[in-house]
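**Student:** Structure: structure_16.cif, mmCIF, C-alpha atoms (C1' of nucleotides).
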```
data_my_file
#
loop_
_atom_site.label_atom_id
_atom_site.label_comp_id
_atom_site.auth_asym_id
_atom_site.auth_seq_id
_atom_site.Cartn_x
_atom_site.Cartn_y
_atom_site.Cartn_z
CA MET G 152 -7.23 -9.13 3.07
CA ARG G 153 -4.89 -7.71 5.62
CA ASP G 154 -2.94 -4.84 4.04
CA GLU G 155 0.70 -5.70 4.49
CA ARG G 156 1.89 -2.25 3.46
CA PHE G 157 -0.24 -0.64 6.11
CA CYS G 158 0.75 -3.22 8.70
CA ALA G 159 4.40 -2.32 8.06
CA SER G 160 3.80 1.37 8.66
CA ASN G 161 5.46 3.37 11.38
CA CYS G 162 2.14 4.93 12.25
CA PRO G 163 0.17 2.91 14.82
CA PHE G 164 -3.09 4.14 13.39
CA THR G 165 -2.19 3.02 9.89
CA ARG G 166 -1.16 -0.34 11.25
CA ALA G 167 -4.52 -0.66 12.99
CA ILE G 168 -6.31 0.05 9.74
CA GLY G 169 -4.09 -2.46 8.00
CA THR G 170 -5.21 -5.05 10.49
CA ILE G 171 -8.93 -4.47 11.01
CA GLY G 172 -9.68 -2.00 8.24
CA ASN G 173 -11.66 -4.12 5.85
CA LYS G 174 -15.33 -4.68 5.55
CA TRP G 175 -15.66 -8.11 7.09
CA LYS G 176 -13.72 -7.95 10.32
CA PRO G 177 -15.72 -5.23 12.08
CA ILE G 178 -18.90 -7.06 11.08
CA ILE G 179 -17.63 -10.37 12.42
CA ILE G 180 -16.38 -8.87 15.68
CA ASN G 181 -19.69 -7.11 16.12
CA VAL G 182 -21.65 -10.30 15.48
CA ILE G 183 -19.62 -12.29 17.96
CA GLY G 184 -19.85 -9.65 20.65
CA THR G 185 -19.56 -11.12 24.12
CA ARG G 186 -20.80 -14.57 23.26
CA THR G 187 -19.12 -17.81 22.33
CA ILE G 188 -20.11 -18.89 18.88
CA ARG G 189 -19.48 -21.74 16.47
CA PHE G 190 -18.27 -21.56 12.90
CA GLY G 191 -21.55 -22.72 11.42
CA GLN G 192 -23.48 -20.14 13.40
CA LEU G 193 -21.25 -17.36 12.17
CA ASP G 194 -21.60 -18.63 8.64
CA SER G 195 -25.36 -18.44 8.80
CA ILE G 196 -25.59 -15.22 10.81
CA VAL G 197 -23.06 -13.10 8.97
CA PRO G 198 -24.90 -12.29 5.78
CA LEU G 199 -23.46 -12.70 2.29
CA ILE G 200 -20.15 -14.12 3.45
CA SER G 201 -18.77 -17.32 2.00
CA ARG G 202 -17.31 -20.06 4.19
CA LYS G 203 -13.97 -19.57 2.52
CA VAL G 204 -13.74 -15.87 3.32
CA LEU G 205 -15.15 -16.37 6.79
CA ALA G 206 -12.49 -18.97 7.53
CA GLU G 207 -9.77 -16.61 6.25
CA GLN G 208 -11.01 -13.72 8.33
CA LEU G 209 -11.29 -15.81 11.47
CA LYS G 210 -7.77 -17.10 10.99
CA GLU G 211 -6.39 -13.58 10.66
CA LEU G 212 -8.36 -12.32 13.62
CA GLU G 213 -6.92 -15.15 15.66
CA GLU G 214 -3.38 -14.42 14.44
CA ASP G 215 -3.85 -10.78 15.37
CA GLY G 216 -4.94 -11.74 18.86
CA LEU G 217 -8.52 -10.53 18.63
CA LEU G 218 -10.05 -13.96 18.69
CA GLU G 219 -9.69 -17.21 20.60
CA ARG G 220 -10.39 -20.48 18.91
CA LEU G 221 -11.34 -23.59 20.84
CA ALA G 222 -11.37 -26.80 18.84
CA TYR G 223 -12.91 -29.84 20.54
CA LYS G 224 -11.57 -33.18 19.47
CA GLU G 225 -14.91 -34.58 18.48
CA LEU G 226 -16.61 -35.92 15.39
CA PRO G 227 -18.34 -34.17 13.79
CA PRO G 228 -15.94 -31.39 14.73
CA ARG G 229 -16.91 -28.57 17.04
CA VAL G 230 -15.07 -25.27 17.14
CA GLU G 231 -15.95 -22.32 19.27
CA TYR G 232 -14.87 -18.75 18.81
CA LYS G 233 -14.86 -15.94 21.31
CA LEU G 234 -13.25 -12.53 21.49
CA SER G 235 -10.04 -12.14 23.44
CA GLU G 236 -9.45 -9.25 25.82
CA LYS G 237 -8.14 -7.27 22.86
CA GLY G 238 -11.18 -8.12 20.81
CA LEU G 239 -13.56 -7.25 23.62
CA ALA G 240 -11.79 -3.92 24.01
CA PHE G 241 -12.67 -3.19 20.43
CA LEU G 242 -16.41 -3.56 20.95
CA PRO G 243 -16.98 -0.09 22.46
CA ILE G 244 -15.34 1.39 19.38
CA LEU G 245 -17.77 -0.45 17.14
CA GLU G 246 -20.57 0.76 19.37
CA SER G 247 -19.45 4.35 18.95
CA ILE G 248 -19.35 3.90 15.18
CA LYS G 249 -22.93 2.68 15.33
CA GLU G 250 -23.99 5.70 17.37
CA TRP G 251 -22.09 8.04 15.10
CA ASN G 252 -23.84 6.61 12.08
CA CYS G 253 -27.29 6.81 13.64
CA LYS G 254 -26.70 10.41 14.55
CA TYR G 255 -25.34 11.67 11.24
CA GLU G 256 -26.56 9.31 8.56
CA VAL G 257 -28.53 11.07 5.87
CA ALA G 258 -32.00 9.73 5.13
CA PRO G 259 -32.07 7.67 1.96
CA MET G 260 -33.77 9.17 -1.06
CA PRO G 261 -37.54 8.47 -1.09
CA GLY G 262 -37.81 5.93 -3.90
CA GLU G 263 -34.14 5.11 -4.25
CA ALA G 264 -33.64 2.26 -1.82
CA ASP G 265 -36.92 0.85 -0.65
CA LYS G 266 -37.10 -1.61 2.18
CA LYS G 267 -37.66 -4.59 -0.08
CA SER G 268 -34.28 -4.16 -1.69
CA ARG G 269 -32.61 -4.18 1.68
CA VAL G 270 -30.93 -7.26 3.00
CA ASN G 271 -32.52 -8.35 6.21
CA TYR G 272 -29.94 -8.24 8.94
CA ALA G 273 -32.43 -8.50 11.76
CA ARG G 274 -30.99 -11.89 12.64
CA MET G 275 -27.69 -10.28 13.44
CA VAL G 276 -29.02 -8.62 16.54
CA MET S 99 -15.18 1.00 -3.01
CA ARG S 100 -18.29 1.69 -1.06
CA ASP S 101 -20.06 -1.60 -0.43
CA GLU S 102 -23.55 -1.17 -1.83
CA ARG S 103 -24.82 -4.36 -0.24
CA PHE S 104 -23.77 -3.18 3.17
CA CYS S 105 -25.10 0.31 2.54
CA ALA S 106 -28.50 -1.23 1.80
CA SER S 107 -28.59 -3.14 5.08
CA ASN S 108 -31.21 -2.63 7.75
CA CYS S 109 -28.47 -2.59 10.37
CA PRO S 110 -27.07 0.90 10.99
CA PHE S 111 -23.73 -0.54 11.94
CA THR S 112 -23.46 -2.52 8.74
CA ARG S 113 -24.40 0.57 6.77
CA ALA S 114 -21.64 2.51 8.54
CA ILE S 115 -19.11 -0.14 7.59
CA GLY S 116 -20.41 -0.09 4.03
CA THR S 117 -19.70 3.62 3.95
CA ILE S 118 -16.39 4.09 5.74
CA GLY S 119 -15.22 0.51 6.10
CA ASN S 120 -12.39 0.41 3.61
CA LYS S 121 -8.75 1.00 4.08
CA TRP S 122 -8.43 4.47 2.54
CA LYS S 123 -11.20 6.49 4.08
CA PRO S 124 -10.13 6.29 7.71
CA ILE S 125 -6.61 7.16 6.64
CA ILE S 126 -7.76 10.17 4.64
CA ILE S 127 -10.05 11.44 7.38
CA ASN S 128 -7.25 11.05 9.88
CA VAL S 129 -4.79 12.92 7.66
CA ILE S 130 -7.18 15.81 7.13
CA GLY S 131 -8.06 16.11 10.77
CA THR S 132 -9.12 19.61 11.72
CA ARG S 133 -7.24 21.40 8.97
CA THR S 134 -8.18 22.62 5.53
CA ILE S 135 -6.14 20.89 2.90
CA ARG S 136 -5.73 20.89 -0.86
CA PHE S 137 -5.88 17.96 -3.24
CA GLY S 138 -2.21 18.06 -4.10
CA GLN S 139 -1.24 18.09 -0.45
CA LEU S 140 -3.38 15.05 0.26
CA ASP S 141 -1.89 13.30 -2.73
CA SER S 142 1.62 13.81 -1.46
CA ILE S 143 0.87 13.23 2.22
CA VAL S 144 -1.27 10.11 1.99
CA PRO S 145 1.28 7.46 1.16
CA LEU S 146 0.93 4.95 -1.65
CA ILE S 147 -2.37 6.29 -2.90
CA SER S 148 -2.89 7.12 -6.57
CA ARG S 149 -4.55 10.34 -7.70
CA LYS S 150 -7.33 8.34 -9.25
CA VAL S 151 -8.23 6.48 -6.07
CA LEU S 152 -7.78 9.58 -3.95
CA ALA S 153 -10.23 11.48 -6.16
CA GLU S 154 -12.73 8.64 -5.93
CA GLN S 155 -12.49 8.47 -2.17
CA LEU S 156 -12.84 12.20 -1.75
CA LYS S 157 -15.91 12.22 -3.96
CA GLU S 158 -17.55 9.48 -1.95
CA LEU S 159 -16.68 11.12 1.33
CA GLU S 160 -18.27 14.31 0.08
CA GLU S 161 -21.37 12.45 -1.10
CA ASP S 162 -21.66 10.81 2.28
CA GLY S 163 -21.47 14.18 3.99
CA LEU S 164 -18.15 13.69 5.76
CA LEU S 165 -16.27 16.18 3.68
CA GLU S 166 -16.76 19.68 2.32
CA ARG S 167 -15.21 20.68 -0.96
CA LEU S 168 -14.46 24.29 -1.83
CA ALA S 169 -13.46 24.93 -5.42
CA TYR S 170 -12.10 28.39 -6.19
CA LYS S 171 -12.64 29.63 -9.69
CA GLU S 172 -8.98 30.26 -10.41
CA LEU S 173 -6.37 29.08 -12.82
CA PRO S 174 -4.53 26.96 -12.06
CA PRO S 175 -7.41 25.50 -10.05
CA ARG S 176 -7.49 25.48 -6.27
CA VAL S 177 -9.66 23.12 -4.28
CA GLU S 178 -9.78 22.89 -0.55
CA TYR S 179 -11.12 20.04 1.52
CA LYS S 180 -12.19 20.06 5.13
CA LEU S 181 -14.20 17.74 7.32
CA SER S 182 -17.85 18.51 7.91
CA GLU S 183 -19.44 18.29 11.34
CA LYS S 184 -20.11 14.63 10.64
CA GLY S 185 -16.52 14.08 9.62
CA LEU S 186 -15.16 15.89 12.63
CA ALA S 187 -17.39 13.78 14.86
CA PHE S 188 -15.63 10.74 13.46
CA LEU S 189 -12.17 11.87 14.55
CA PRO S 190 -12.50 10.78 18.20
CA ILE S 191 -13.39 7.31 16.97
CA LEU S 192 -10.19 7.17 14.93
CA GLU S 193 -8.33 8.40 17.97
CA SER S 194 -9.74 5.58 20.07
CA ILE S 195 -8.71 3.07 17.41
CA LYS S 196 -5.19 4.44 17.60
CA GLU S 197 -5.16 4.11 21.39
CA TRP S 198 -6.63 0.64 21.21
CA ASN S 199 -3.94 -0.44 18.79
CA CYS S 200 -1.13 1.03 20.87
CA LYS S 201 -2.41 -0.74 23.94
CA TYR S 202 -2.94 -4.20 22.49
CA GLU S 203 -0.72 -4.49 19.45
CA VAL S 204 1.66 -7.40 19.67
CA ALA S 205 5.33 -6.60 19.26
CA PRO S 206 6.59 -7.61 15.83
CA MET S 207 8.84 -10.66 15.66
CA PRO S 208 12.50 -9.72 16.18
CA GLY S 209 13.88 -10.10 12.66
CA GLU S 210 10.62 -10.36 10.81
CA ALA S 211 9.82 -6.76 9.96
CA ASP S 212 12.80 -4.55 10.51
CA LYS S 213 12.53 -0.79 10.44
CA LYS S 214 14.07 -0.44 7.02
CA SER S 215 11.23 -2.32 5.41
CA ARG S 216 8.75 0.01 6.98
CA VAL S 217 7.17 2.79 5.02
CA ASN S 218 7.87 6.13 6.56
CA TYR S 219 4.62 7.74 7.56
CA ALA S 220 6.22 10.36 9.78
CA ARG S 221 5.06 13.04 7.38
CA MET S 222 1.50 12.14 8.10
CA VAL S 223 1.65 13.52 11.60
"C1'" DT K 82 7.21 30.14 -27.54
"C1'" DA K 83 7.44 26.82 -24.26
"C1'" DT K 84 7.07 25.37 -19.72
"C1'" DT K 85 4.81 25.19 -15.17
"C1'" DC K 86 1.17 24.76 -11.99
"C1'" DT K 87 -3.32 22.38 -10.34
"C1'" DG K 88 -7.09 19.17 -9.90
"C1'" DG K 89 -8.74 16.14 -11.80
"C1'" DT K 90 -10.50 12.51 -15.83
"C1'" DT K 91 -9.98 8.80 -19.09
"C1'" DA K 92 -8.33 4.61 -21.37
"C1'" DC K 93 -6.03 0.63 -20.71
"C1'" DC K 94 -4.56 -3.39 -18.30
"C1'" DG K 95 -3.11 -6.87 -14.78
"C1'" DC K 96 -3.85 -9.11 -10.70
"C1'" DC K 97 -6.19 -10.89 -6.94
"C1'" DA K 98 -10.20 -10.85 -3.75
"C1'" DG K 99 -13.75 -13.54 -3.32
"C1'" DG K 100 -17.48 -16.65 -5.05
"C1'" DT K 101 -18.87 -21.61 -6.23
"C1'" DA K 102 -18.72 -26.39 -5.99
"C1'" DA K 103 -16.59 -30.46 -4.73
"C1'" DC K 104 -14.30 -32.99 -1.20
"C1'" DT K 105 -12.40 -34.52 3.48
"C1'" DA K 106 -12.93 -37.34 8.09
"C1'" DC K 107 -15.70 -40.19 10.96
"C1'" DA K 108 -19.48 -41.10 14.17
"C1'" DA K 109 -24.22 -41.57 14.74
"C1'" DA K 110 -28.61 -42.02 13.09
"C1'" DT K 111 -31.97 -44.10 9.63
"C1'" DA V 155 -25.73 -49.12 3.14
"C1'" DT V 156 -26.64 -44.46 2.95
"C1'" DT V 157 -27.48 -40.11 4.80
"C1'" DT V 158 -26.47 -36.33 8.01
"C1'" DG V 159 -23.79 -33.04 10.41
"C1'" DT V 160 -19.38 -30.04 11.24
"C1'" DA V 161 -15.46 -27.25 10.05
"C1'" DG V 162 -12.87 -26.37 6.93
"C1'" DT V 163 -9.78 -26.79 2.47
"C1'" DT V 164 -8.87 -26.83 -2.41
"C1'" DA V 165 -9.23 -25.96 -7.37
"C1'" DC V 166 -11.05 -23.07 -10.53
"C1'" DC V 167 -12.78 -18.88 -12.50
"C1'" DT V 168 -14.43 -14.12 -13.06
"C1'" DG V 169 -15.38 -9.17 -11.91
"C1'" DG V 170 -13.65 -5.27 -10.56
"C1'" DC V 171 -10.15 -2.73 -7.71
"C1'" DG V 172 -6.60 -0.05 -8.38
"C1'" DG V 173 -2.19 1.25 -10.76
"C1'" DT V 174 0.03 3.85 -14.79
"C1'" DA V 175 0.34 7.19 -18.22
"C1'" DA V 176 -1.56 10.52 -21.09
"C1'" DC V 177 -4.34 14.47 -21.41
"C1'" DC V 178 -7.12 18.86 -20.31
"C1'" DA V 179 -7.72 24.22 -19.37
"C1'" DG V 180 -5.66 28.62 -19.21
"C1'" DA V 181 -3.06 32.07 -16.66
"C1'" DA V 182 1.55 33.20 -15.30
"C1'" DT V 183 6.35 32.95 -15.74
"C1'" DA V 184 10.79 32.59 -18.19
#
```
Hey, can you dump this file as structure tokens for me?

**Tutor:**
Amino acid sequence: MRDERFCASNCPFTRAIGTIGNKWKPIIINVIGTRTIRFGQLDSIVPLISRKVLAEQLKELEEDGLLERLAYKELPPRVEYKLSEKGLAFLPILESIKEWNCKYEVAPMPGEADKKSRVNYARMV
Amino acid sequence: MRDERFCASNCPFTRAIGTIGNKWKPIIINVIGTRTIRFGQLDSIVPLISRKVLAEQLKELEEDGLLERLAYKELPPRVEYKLSEKGLAFLPILESIKEWNCKYEVAPMPGEADKKSRVNYARMV
DNA sequence: TATTCTGGTTACCGCCAGGTAACTACAAAT
DNA sequence: ATTTGTAGTTACCTGGCGGTAACCAGAATA
């Protein structure tokens, strides 16, 4: 999921893309935002992701220092995730991507993608 | 390459990620920057990319309005690519990703990834 | 005549990202 | 005794991403 070639680049930008440049990580970081959240919550809030992939992504985000994982020694288990300072510093970038998209996105073709065919991501917000 | 599910989302951020959230597009946009560049140049400058994938990416970027393609009716053919207003507006975001990475990136483990194993992306700049 | 130059496109193929379903541990509730 | 709830992990399997190599037009050059 992480691109090892990119991560081994001499270019800091390429390395950044190698680390967070896939489709799931920006979504996950954006969903977490400033809150503390549990695995199960993420699994139900992040749409279309499988537990397996979510677990992989979270592990990598933690390894890359974007995420902090707090596991309570309880049963049933409880694990909480929150963004680290590095992760929080990434939020404004995601925000600017959102603004950029809103400003420049072309309107979808009239009949092409009607609302019913759209996944409902309202929960995310 | 584009994630159609994401592109069909109600969330503008998710749609943005569906459009530009893969590993090649940010790299290509960054390489083009403010200049006008030809296909062959891109192919040799962007490291590790195949002509096939490059062509696909460029086509999608053009469809999504980030890129302008100028084909001269010559032989051998000449095609020039440059960022549109939308594409240019994305550059500062890439710049902030670069800065973010430089600021927070963890130093690589001493012996783990030595310089010789690193791809040389110096040409990119 | 043959080669070169350019910007792709196409056919073919292998590998792996990512999905599904089953399974874990153990306490508390029914 | 059985079910429920949580956070994963594992085995298994398939679609499609992406790489390679061949091929195209047609003018210019050798």

**Student:** I'd like to know which of S:Arg167, S:Lys201, S:Arg103, S:Lys196 is closest to Ile200 (chain G), using only C-alpha atoms.

**Tutor:**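 Closest to Ile200 (chain G), using only C-alpha atoms: S:Arg103.
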
**Student:** Give me the result of the PyMOL selection byres ((chain V and resi 158-173) around 10) on this file, residue by residue, as number ranges by chain.

**Tutor:** G: 189-191, 202-203, 206, 222, 225-230; S: 99, 147-151; K: 94-105, 108-111; V: 156-157, 174-175

**Student:** Take the PyMOL selection byres ((chain G and resi 237-245) around 8), apply it to the structure above, and return the hits as a ChimeraX atom specification.

**Tutor:** /G:177,180-181,184-185,216-218,234-236,246-249 /S:111,191,194-195,198,202

**Student:** Any chance you could resolve the PyMOL selection byres ((chain K) within 9 of (chain S)) against this file and give the residues as a PDB file with C-alpha atoms (C1' of nucleotides), keeping the file's coordinate frame?

**Tutor:**
```
ATOM      1  C1'  DC K  86       1.170  24.760 -11.990  1.00  0.00           C
ATOM      2  C1'  DT K  87      -3.320  22.380 -10.340  1.00  0.00           C
ATOM      3  C1'  DG K  88      -7.090  19.170  -9.900  1.00  0.00           C
ATOM      4  C1'  DG K  89      -8.740  16.140 -11.800  1.00  0.00           C
ATOM      5  C1'  DT K  90     -10.500  12.510 -15.830  1.00  0.00           C
TER       6       DT K  90
END
```

**Student:** Using only C-alpha atoms, pick whichever of S:Ile135, S:Val204, S:Leu152, S:Ile143 has the shortest atom-to-atom distance to chain G.

**Tutor:**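 Distance minimum relative to chain G lands on S:Val204.
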
**Student:** Do you have the CA of Leu168 (chain S)-C1' of DC177 (chain V) distance handy?

**Tutor:**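 Between these atoms lies a distance of 24.1 Å.
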
**Student:** Just to confirm, what's the straight-line distance from CA of Ile125 (chain S) to CA of Arg166 (chain G) in Å (one decimal)?

**Tutor:**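 If I compute the distance from CA of Ile125 (chain S) to CA of Arg166 (chain G), I get 10.4 Å.
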
**Student:** Taking all listed atoms of region 159-170 of chain V, build the axis-aligned box, pad each of the six sides by 3 Å, then write its centre and edge lengths in Å to one decimal as lines of an AutoDock Vina configuration file.

**Tutor:**
```
center_x = -16.3
center_y = -19.2
center_z = -0.9
size_x = 20.9
size_y = 33.8
size_z = 30.3
```

**Student:** Hey, can you check how far CA of Leu212 (chain G) sits from CA of Gln155 (chain S)?

**Tutor:**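 Result for CA of Leu212 (chain G) versus CA of Gln155 (chain S): 26.4 Å, one decimal.
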
**Student:** Using only C-alpha atoms (C1' of nucleotides) for the distances, tell me which of S:Cys109, S:Ala114, S:Ile126, S:Leu146 is nearest to chain V.

**Tutor:**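 Comparing S:Cys109, S:Ala114, S:Ile126, S:Leu146 against chain V, the winner is S:Leu146.
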
**Student:** Between G:Lys233, G:Arg153, G:Lys224, G:Lys176, which one has atoms that come closest to chain V, using only C-alpha atoms (C1' of nucleotides)?

**Tutor:**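 Looking only at the distances to chain V, the closest residue turns out to be G:Lys224.
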
**Student:** Can you put N, CA and C atoms back into region 160-175 of chain S and show it as a compact mmCIF listing (two decimals), in the frame of the given file?

**Tutor:**
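That gives us out_13.txt:
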```txt
# COMPACT_ATOMS: atom_id res chain seq x y z
N GLU S 160 -17.45 13.11 0.21
CA GLU S 160 -18.27 14.31 0.08
C GLU S 160 -19.75 13.92 -0.07
N GLU S 161 -19.99 12.92 -0.92
CA GLU S 161 -21.37 12.45 -1.10
C GLU S 161 -21.98 11.95 0.20
N ASP S 162 -21.15 11.34 1.02
CA ASP S 162 -21.66 10.81 2.28
C ASP S 162 -21.65 11.85 3.39
N GLY S 163 -21.33 13.07 3.03
CA GLY S 163 -21.47 14.18 3.99
C GLY S 163 -20.37 14.27 5.03
N LEU S 164 -19.25 13.61 4.80
CA LEU S 164 -18.15 13.69 5.76
C LEU S 164 -17.21 14.84 5.43
N LEU S 165 -17.27 15.27 4.19
CA LEU S 165 -16.27 16.18 3.68
C LEU S 165 -16.92 17.35 2.96
N GLU S 166 -16.30 18.52 3.09
CA GLU S 166 -16.76 19.68 2.32
C GLU S 166 -15.68 20.07 1.32
N ARG S 167 -16.13 20.35 0.12
CA ARG S 167 -15.21 20.68 -0.96
C ARG S 167 -15.42 22.12 -1.39
N LEU S 168 -14.37 22.91 -1.38
CA LEU S 168 -14.46 24.29 -1.83
C LEU S 168 -13.58 24.47 -3.05
N ALA S 169 -14.22 24.73 -4.19
CA ALA S 169 -13.46 24.93 -5.42
C ALA S 169 -13.43 26.42 -5.75
N TYR S 170 -12.24 26.99 -5.83
CA TYR S 170 -12.10 28.39 -6.19
C TYR S 170 -12.01 28.49 -7.70
N LYS S 171 -12.67 29.47 -8.23
CA LYS S 171 -12.64 29.63 -9.69
C LYS S 171 -11.38 30.38 -10.09
N GLU S 172 -10.27 29.67 -10.07
CA GLU S 172 -8.98 30.26 -10.41
C GLU S 172 -8.29 29.37 -11.43
N LEU S 173 -7.23 29.91 -11.98
CA LEU S 173 -6.37 29.08 -12.82
C LEU S 173 -4.92 29.40 -12.51
N PRO S 174 -4.16 28.37 -12.22
CA PRO S 174 -4.53 26.96 -12.06
C PRO S 174 -5.51 26.77 -10.91
N PRO S 175 -6.32 25.71 -11.01
CA PRO S 175 -7.41 25.50 -10.05
C PRO S 175 -6.92 25.34 -8.62
```
